[in-house]
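Presented below is the structure to which this report refers.
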Protein chains: 2
Amino acid sequence: MNNFDFVCPTKIIFGRGTENRVGEETKKYSKKVLFVYGSGSIKKTGLYDKVVKSLKGNGVDYIELSGVKPNPRLSLVYEGIKICKENGIDFILAVGGGSAIDTAKAIAVGALYDGDVWDFFVGKAEIERALPVGVILTLAATGSEASDSAVITNEDGWYKKGIHSDLIRPQFAIMNPELLFTLPQYQTAAGAADIMAHIMERYFTNVRSVDLTDRLCEATLKTMINNVPRLIENPEDYDVRAEVMWAGTIAHNGLLDTGRIGDWASHRIEHELSAIYDIAHGAGLAVIFPAWMKYVYKHDLDRFVQFAVKVWDVDLTFTDREAIALEGIKRLEDFFRNIGLPVTLREANIPYDRFEEMADKCTSNGTATVGQFVKLTKEDIINIYNLAK
Amino acid sequence: MNNFDFVCPTKIIFGRGTENRVGEETKKYSKKVLFVYGSGSIKKTGLYDKVVKSLKGNGVDYIELSGVKPNPRLSLVYEGIKICKENGIDFILAVGGGSAIDTAKAIAVGALYDGDVWDFFVGKAEIERALPVGVILTLAATGSEASDSAVITNEDGWYKKGIHSDLIRPQFAIMNPELLFTLPQYQTAAGAADIMAHIMERYFTNVRSVDLTDRLCEATLKTMINNVPRLIENPEDYDVRAEVMWAGTIAHNGLLDTGRIGDWASHRIEHELSAIYDIAHGAGLAVIFPAWMKYVYKHDLDRFVQFAVKVWDVDLTFTDREAIALEGIKRLEDFFRNIGLPVTLREANIPYDRFEEMADKCTSNGTATVGQFVKLTKEDIINIYNLAK
């Protein structure tokens, strides 16, 4: 086990009716906030009215910033930073999924910085300060509600990049599974794939003696495997929705990779897809992760056997270890397909003509490798895109 | 799943050499601290010198309060409070196991209170403020390094009582498994039983639809089952020590009972034992928990079957469910005995003549029940002591 520092101070406020506590929680930090959300869907569901009522009822003033899109854009982040600076705003409230939260986190960093916030995404500046952020979560997927990361897409070149810092972990995350009842089935499924990918990125490690976190990863994956298909059938089953929602936070708050080093190649390879094609990130992961597995499993067959046996209940009486490992990967693919996700580029309607361009971007024009479990070159990444056809 | 609030902001600093960071972490809070520890063992191992060097090197002044005993005493808490008040101390550093940490937490609460700190333990006052506490952990057992609780024994009547508040979670917990290499085998084993008891107290719940936390509890218990026997054999195996140490924190930081209500009767019943007989708390739990299980398993046979199958790998082809449940309890007993712990009062050299007195204390003279999974009366508790003979 490696040495590690771990801190996740986000206060989780989980359950029915908790969205009504947003004003009470927010006013602990500020009475003048930026209220970030996406499209009109929170108006249709009535969530917008509840938030406004709770903020006003607690004397919290707000300026709205709406229009957050999936794969959230840098231009809106700039807009939010400008509003904060011009109005002396010192708290950002995000209501939505990962896109709204990541937008809020990027604004929180940029509002206290004199230069271009994109500097933090390309390694030109380090995060030393950030405004506090609060969250009402409406989609279980990115884990951004308690994570130390945010991913933003720069429309100028369609670069999708991330930042990491404990300073951007939200102060609170309000999570009511009922708010997710009206999600389209495809979004629920793509979110589930994202959650499972967060666990699997951590699971495939070269660090030895990581029993506890292995077991916790397997426990969280099993919870997903048991509950997601039930959720696809019964989107308004509160308890099943709650399991998946809470698993989404645990998957990505950092607990599951204490003492180990995750891989993250699949995320990077997928980011190039969703930056160009605007496919849901989780759906892209359902395509890329199995292809990545098929490409790298021989690097540590034992770990893939463990994955097959402990996560997918593959019977150890199979005659050879490679067959066990491959059966585990197949069950993952079957699982994704059964919940309605694409598992090939063809199924995702993505053409095959820009592999080189994407692999170039992913590896800084072939000068860098991607991933920790196996360090992938530009050629490797092209091979993985080909395996995903 | 129940609604819940969960926050655990303790910064975990885990691994080799981390004790040397204590000064650097402490000075973020204060330059004048109370340094609480137990006997001379930290002087023998050299830890004391390292702490002093790191504090001094970072310009942190300290007053020492040593002499913390197992089942820590209220009198020492009073002494610490007096020192803090007289010297304007605003940070408590505990170096040791749960006893030192709980002493520090109680001092942290009492130092900001004008009345008797025992008021908080008997429900006469509510915790509204506490000084910040930091920890260097030298025993994996109580989970106090990141928990919201502290247990203190009042020598006046030998009452052992606890307090709970997010305000007493430590600011940081420094955890170097190497610091535990010199522990006597019995203390390692008793600590392991305490850790497992923390998980089992949470596992036995009447709340339905708690899949994720069930799986996480099972994962943490399995990690203990796989690693503790190896640790008893090889006390200086760093990786095995690390697994058990980190499991001890996860077991009791509150994550494992998000959305559910734990039982806690066994802890209460055991506290009466260790208050009177000064047996190690974990050893007392190894005696009481199996007896409690035998007494209550019929209340929810399904849950005990799940415990037997998922935690102890009892084969479901046993002919009846009751036999499966009982086999799970037997394997727990065998496990405790195999790591050198008593599993009966006889084995713990505890006489049978004060059951009524202990059951009286535990139930406020028969006026209250104990436990949430099954609400136990004074008579029930006497029965459980008898089952533990």
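Following the order of the structure tokens, first chain is A, next is B, and so on, with residues numbered from 1 inside each chain and ligands from 1 in the order they appear.
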Original post:
What residues in chain B have any atom no more than 10 Å from chain A when counting only C-alpha atoms, and can you write them as a PyMOL selection string?
Top reply: chain B and resi 1-18+171-176+208-224+226-227+238-240+242-244+246-247+250+255+258-259
Save out the residues we just selected, C-alpha atoms, as a short mmCIF file (atom, residue, chain, number, x, y, z; two decimals), in the first residue's frame.
```
data_model
loop_
_atom_site.label_atom_id
_atom_site.label_comp_id
_atom_site.auth_asym_id
_atom_site.auth_seq_id
_atom_site.Cartn_x
_atom_site.Cartn_y
_atom_site.Cartn_z
CA MET B 1 -32.66 3.67 2.95
CA ASN B 2 -33.08 6.39 5.57
CA ASN B 3 -32.29 10.06 5.07
CA PHE B 4 -28.89 11.00 6.46
CA ASP B 5 -26.36 13.78 6.93
CA PHE B 6 -22.74 12.67 6.71
CA VAL B 7 -19.57 14.67 7.05
CA CYS B 8 -16.10 13.46 8.01
CA PRO B 9 -13.60 16.26 7.43
CA THR B 10 -10.68 14.57 9.20
CA LYS B 11 -7.57 14.74 7.04
CA ILE B 12 -5.94 11.30 6.95
CA ILE B 13 -2.15 11.34 6.61
CA PHE B 14 -1.26 7.70 6.11
CA GLY B 15 2.00 5.83 5.70
CA ARG B 16 5.64 5.50 6.53
CA GLY B 17 7.31 8.48 8.18
CA THR B 18 4.14 10.56 8.41
CA GLN B 171 -8.76 17.82 12.24
CA PHE B 172 -6.06 15.40 11.19
CA ALA B 173 -5.06 11.82 11.91
CA ILE B 174 -1.49 10.75 11.27
CA MET B 175 -1.37 6.99 10.74
CA ASN B 176 1.92 5.15 10.25
CA ARG B 208 -34.36 -2.12 4.58
CA SER B 209 -32.72 -1.46 1.20
CA VAL B 210 -29.22 -0.78 2.43
CA ASP B 211 -27.34 -2.69 -0.27
CA LEU B 212 -24.34 -0.41 -0.69
CA THR B 213 -23.55 -0.10 3.00
CA ASP B 214 -24.19 -3.85 3.48
CA ARG B 215 -21.63 -4.58 0.76
CA LEU B 216 -19.15 -2.05 2.20
CA CYS B 217 -19.53 -3.57 5.68
CA GLU B 218 -18.95 -7.05 4.30
CA ALA B 219 -15.93 -5.83 2.33
CA THR B 220 -14.37 -4.31 5.43
CA LEU B 221 -15.10 -7.38 7.57
CA LYS B 222 -13.60 -9.65 4.90
CA THR B 223 -10.48 -7.51 4.84
CA MET B 224 -10.18 -8.03 8.60
CA ASN B 226 -8.15 -12.16 5.69
CA ASN B 227 -5.53 -9.95 7.29
CA TYR B 238 3.78 -3.44 6.93
CA ASP B 239 1.13 -4.09 4.28
CA VAL B 240 -1.00 -6.33 6.47
CA ALA B 242 -1.74 -1.07 6.93
CA GLU B 243 -4.86 -2.92 5.79
CA VAL B 244 -6.05 -3.47 9.34
CA TRP B 246 -7.08 1.74 7.56
CA ALA B 247 -10.00 -0.69 8.01
CA ILE B 250 -13.36 3.14 7.82
CA LEU B 255 -19.57 5.98 6.30
CA THR B 258 -25.07 6.13 6.21
CA GLY B 259 -28.80 5.61 5.65
#
```
Original post:
Any idea what's packed within 6 Å of A:Pro170, counting only C-alpha atoms, ignoring anything in its chain fewer than 3 positions away? Could you give it as JSON, numbers by chain?
Top reply: {"A": [10, 133, 134, 146]}
Using only N, CA, C and O atoms, please write the residues we just selected to a file, as a compact mmCIF listing (two decimals), in the first residue's frame.
```txt
# COMPACT_ATOMS: atom_id res chain seq x y z
N THR A 10 -16.73 17.33 2.26
CA THR A 10 -18.08 17.66 1.75
C THR A 10 -19.15 17.07 2.67
O THR A 10 -19.14 15.88 2.97
N VAL A 133 -18.24 26.16 -2.93
CA VAL A 133 -19.29 25.71 -3.85
C VAL A 133 -20.28 24.83 -3.09
O VAL A 133 -19.86 24.03 -2.24
N GLY A 134 -21.56 24.96 -3.38
CA GLY A 134 -22.58 24.05 -2.86
C GLY A 134 -23.33 23.41 -4.01
O GLY A 134 -23.35 23.96 -5.11
N ALA A 146 -18.76 15.48 -4.72
CA ALA A 146 -17.83 15.41 -3.59
C ALA A 146 -16.39 15.22 -4.05
O ALA A 146 -15.50 15.04 -3.22
```
**OP:** Excluding B:Arg230 and residues on its chain fewer than 5 positions from it, collect all residues at most 10 Å away from it, counting only C-alpha atoms, and give them as a PyMOL selection string.
**Re:** chain B and resi 224-225+235+237+240-241+339
Subject >> Those of stretch 3-78 of chain B in DSSP alpha helix (DSSP H), formatted as a ChimeraX atom specification >> reply: /B:22-26,41-44,47-57,74-78
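Taking atom CA of B:Ile199 as the reference point, atom CA of B:Glu327 is found at 19.0 Å.
Compared by their closest atoms to B:Tyr385, and using only C-alpha atoms, the residues B:Ala130, B:Ala197, B:Val33, B:Ile269 rank with B:Ile269 nearest.
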**OP:** Give the strand (DSSP E) residues of stretch 60-212 of chain A, as DSSP finds them on the backbone, and put them as a ChimeraX atom specification.
**Re:** /A:61-65,92-96,133-137,149-154,159-164,172-175
Written file, previous selection with N, CA and C atoms, as a tab-separated table (two decimals), in the first residue's frame:
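Now in out.tsv:
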```
chain	number	residue	atom	x	y	z
A	61	ASP	N	-29.46	36.26	-1.43
A	61	ASP	CA	-29.58	36.89	-2.74
A	61	ASP	C	-28.84	36.06	-3.78
A	62	TYR	N	-29.32	36.07	-5.02
A	62	TYR	CA	-28.61	35.28	-6.03
A	62	TYR	C	-28.68	35.94	-7.40
A	63	ILE	N	-27.67	35.63	-8.20
A	63	ILE	CA	-27.71	35.96	-9.63
A	63	ILE	C	-27.68	34.64	-10.36
A	64	GLU	N	-28.53	34.51	-11.39
A	64	GLU	CA	-28.61	33.23	-12.11
A	64	GLU	C	-27.62	33.17	-13.27
A	65	LEU	N	-27.08	31.98	-13.46
A	65	LEU	CA	-26.31	31.70	-14.66
A	65	LEU	C	-26.82	30.36	-15.19
A	92	ILE	N	-20.77	29.81	-4.91
A	92	ILE	CA	-21.42	29.33	-6.13
A	92	ILE	C	-22.31	28.14	-5.77
A	93	LEU	N	-23.57	28.24	-6.14
A	93	LEU	CA	-24.50	27.13	-5.94
A	93	LEU	C	-24.79	26.49	-7.30
A	94	ALA	N	-24.49	25.21	-7.42
A	94	ALA	CA	-24.76	24.48	-8.66
A	94	ALA	C	-25.97	23.58	-8.45
A	95	VAL	N	-26.94	23.67	-9.33
A	95	VAL	CA	-28.09	22.76	-9.28
A	95	VAL	C	-28.11	22.01	-10.60
A	96	GLY	N	-27.82	20.73	-10.55
A	96	GLY	CA	-27.77	19.94	-11.77
A	96	GLY	C	-26.88	18.73	-11.63
A	133	VAL	N	-18.24	26.16	-2.93
A	133	VAL	CA	-19.29	25.71	-3.85
A	133	VAL	C	-20.28	24.83	-3.09
A	134	GLY	N	-21.56	24.96	-3.38
A	134	GLY	CA	-22.58	24.05	-2.86
A	134	GLY	C	-23.33	23.41	-4.01
A	135	VAL	N	-23.94	22.27	-3.77
A	135	VAL	CA	-24.52	21.48	-4.86
A	135	VAL	C	-25.89	20.93	-4.48
A	136	ILE	N	-26.83	21.00	-5.42
A	136	ILE	CA	-28.00	20.10	-5.39
A	136	ILE	C	-27.86	19.21	-6.61
A	137	LEU	N	-27.76	17.91	-6.39
A	137	LEU	CA	-27.44	16.97	-7.47
A	137	LEU	C	-28.71	16.44	-8.13
A	149	SER	N	-12.29	17.17	-8.52
A	149	SER	CA	-11.97	17.43	-9.92
A	149	SER	C	-13.12	18.10	-10.67
A	150	ALA	N	-12.78	18.68	-11.80
A	150	ALA	CA	-13.76	19.28	-12.70
A	150	ALA	C	-13.20	19.16	-14.11
A	151	VAL	N	-14.09	18.95	-15.07
A	151	VAL	CA	-13.67	18.79	-16.46
A	151	VAL	C	-14.44	19.80	-17.31
A	152	ILE	N	-13.71	20.56	-18.10
A	152	ILE	CA	-14.31	21.62	-18.93
A	152	ILE	C	-13.82	21.47	-20.36
A	153	THR	N	-14.70	21.81	-21.30
A	153	THR	CA	-14.34	21.75	-22.72
A	153	THR	C	-14.09	23.16	-23.25
A	154	ASN	N	-12.92	23.33	-23.83
A	154	ASN	CA	-12.56	24.60	-24.46
A	154	ASN	C	-12.99	24.53	-25.92
A	159	TYR	N	-10.79	21.15	-26.84
A	159	TYR	CA	-9.97	20.44	-25.86
A	159	TYR	C	-10.80	20.23	-24.59
A	160	LYS	N	-10.80	19.01	-24.09
A	160	LYS	CA	-11.53	18.67	-22.86
A	160	LYS	C	-10.48	18.37	-21.80
A	161	LYS	N	-10.40	19.20	-20.77
A	161	LYS	CA	-9.33	19.05	-19.79
A	161	LYS	C	-9.87	19.14	-18.37
A	162	GLY	N	-9.08	18.60	-17.43
A	162	GLY	CA	-9.54	18.57	-16.05
A	162	GLY	C	-8.62	19.32	-15.10
A	163	ILE	N	-9.19	19.71	-13.94
A	163	ILE	CA	-8.39	20.24	-12.83
A	163	ILE	C	-8.64	19.38	-11.60
A	164	HIS	N	-7.65	19.37	-10.70
A	164	HIS	CA	-7.76	18.59	-9.47
A	164	HIS	C	-7.26	19.43	-8.30
A	172	PHE	N	-21.08	21.43	0.53
A	172	PHE	CA	-22.18	20.51	0.81
A	172	PHE	C	-22.73	19.97	-0.50
A	173	ALA	N	-23.33	18.79	-0.41
A	173	ALA	CA	-24.00	18.19	-1.57
A	173	ALA	C	-25.35	17.68	-1.09
A	174	ILE	N	-26.39	18.28	-1.63
A	174	ILE	CA	-27.76	17.87	-1.30
A	174	ILE	C	-28.19	16.83	-2.34
A	175	MET	N	-28.58	15.66	-1.86
A	175	MET	CA	-28.85	14.54	-2.77
A	175	MET	C	-30.20	13.90	-2.43
```
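Going from atom CA of A:Leu256 to atom CA of B:Asn253 covers 14.9 Å.
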**OP:** Excluding B:Gly366 and any residue of its chain fewer than 6 positions from it, enumerate the residues within 8 Å of it, using only C-alpha atoms, and give them as a VMD selection string.
**Re:** chain B and resid 359 to 360 377 to 378
Find the residues around A:Val314 up to 8 Å (only C-alpha atoms counted), leave out those fewer than 5 positions away in its own chain, and share them as a PDB file with C-alpha atoms, in the first residue's frame.
```pdb
ATOM      1  CA  ALA A 308     -13.950 -11.539 -13.284  1.00  0.00           C
ATOM      2  CA  VAL A 309     -14.354 -13.696 -10.192  1.00  0.00           C
ATOM      3  CA  ILE A 324     -11.744 -16.283 -16.954  1.00  0.00           C
ATOM      4  CA  GLU A 327     -15.317 -13.776 -19.576  1.00  0.00           C
ATOM      5  CA  GLY A 328     -15.198 -10.953 -17.018  1.00  0.00           C
TER       6      GLY A 328
END
```
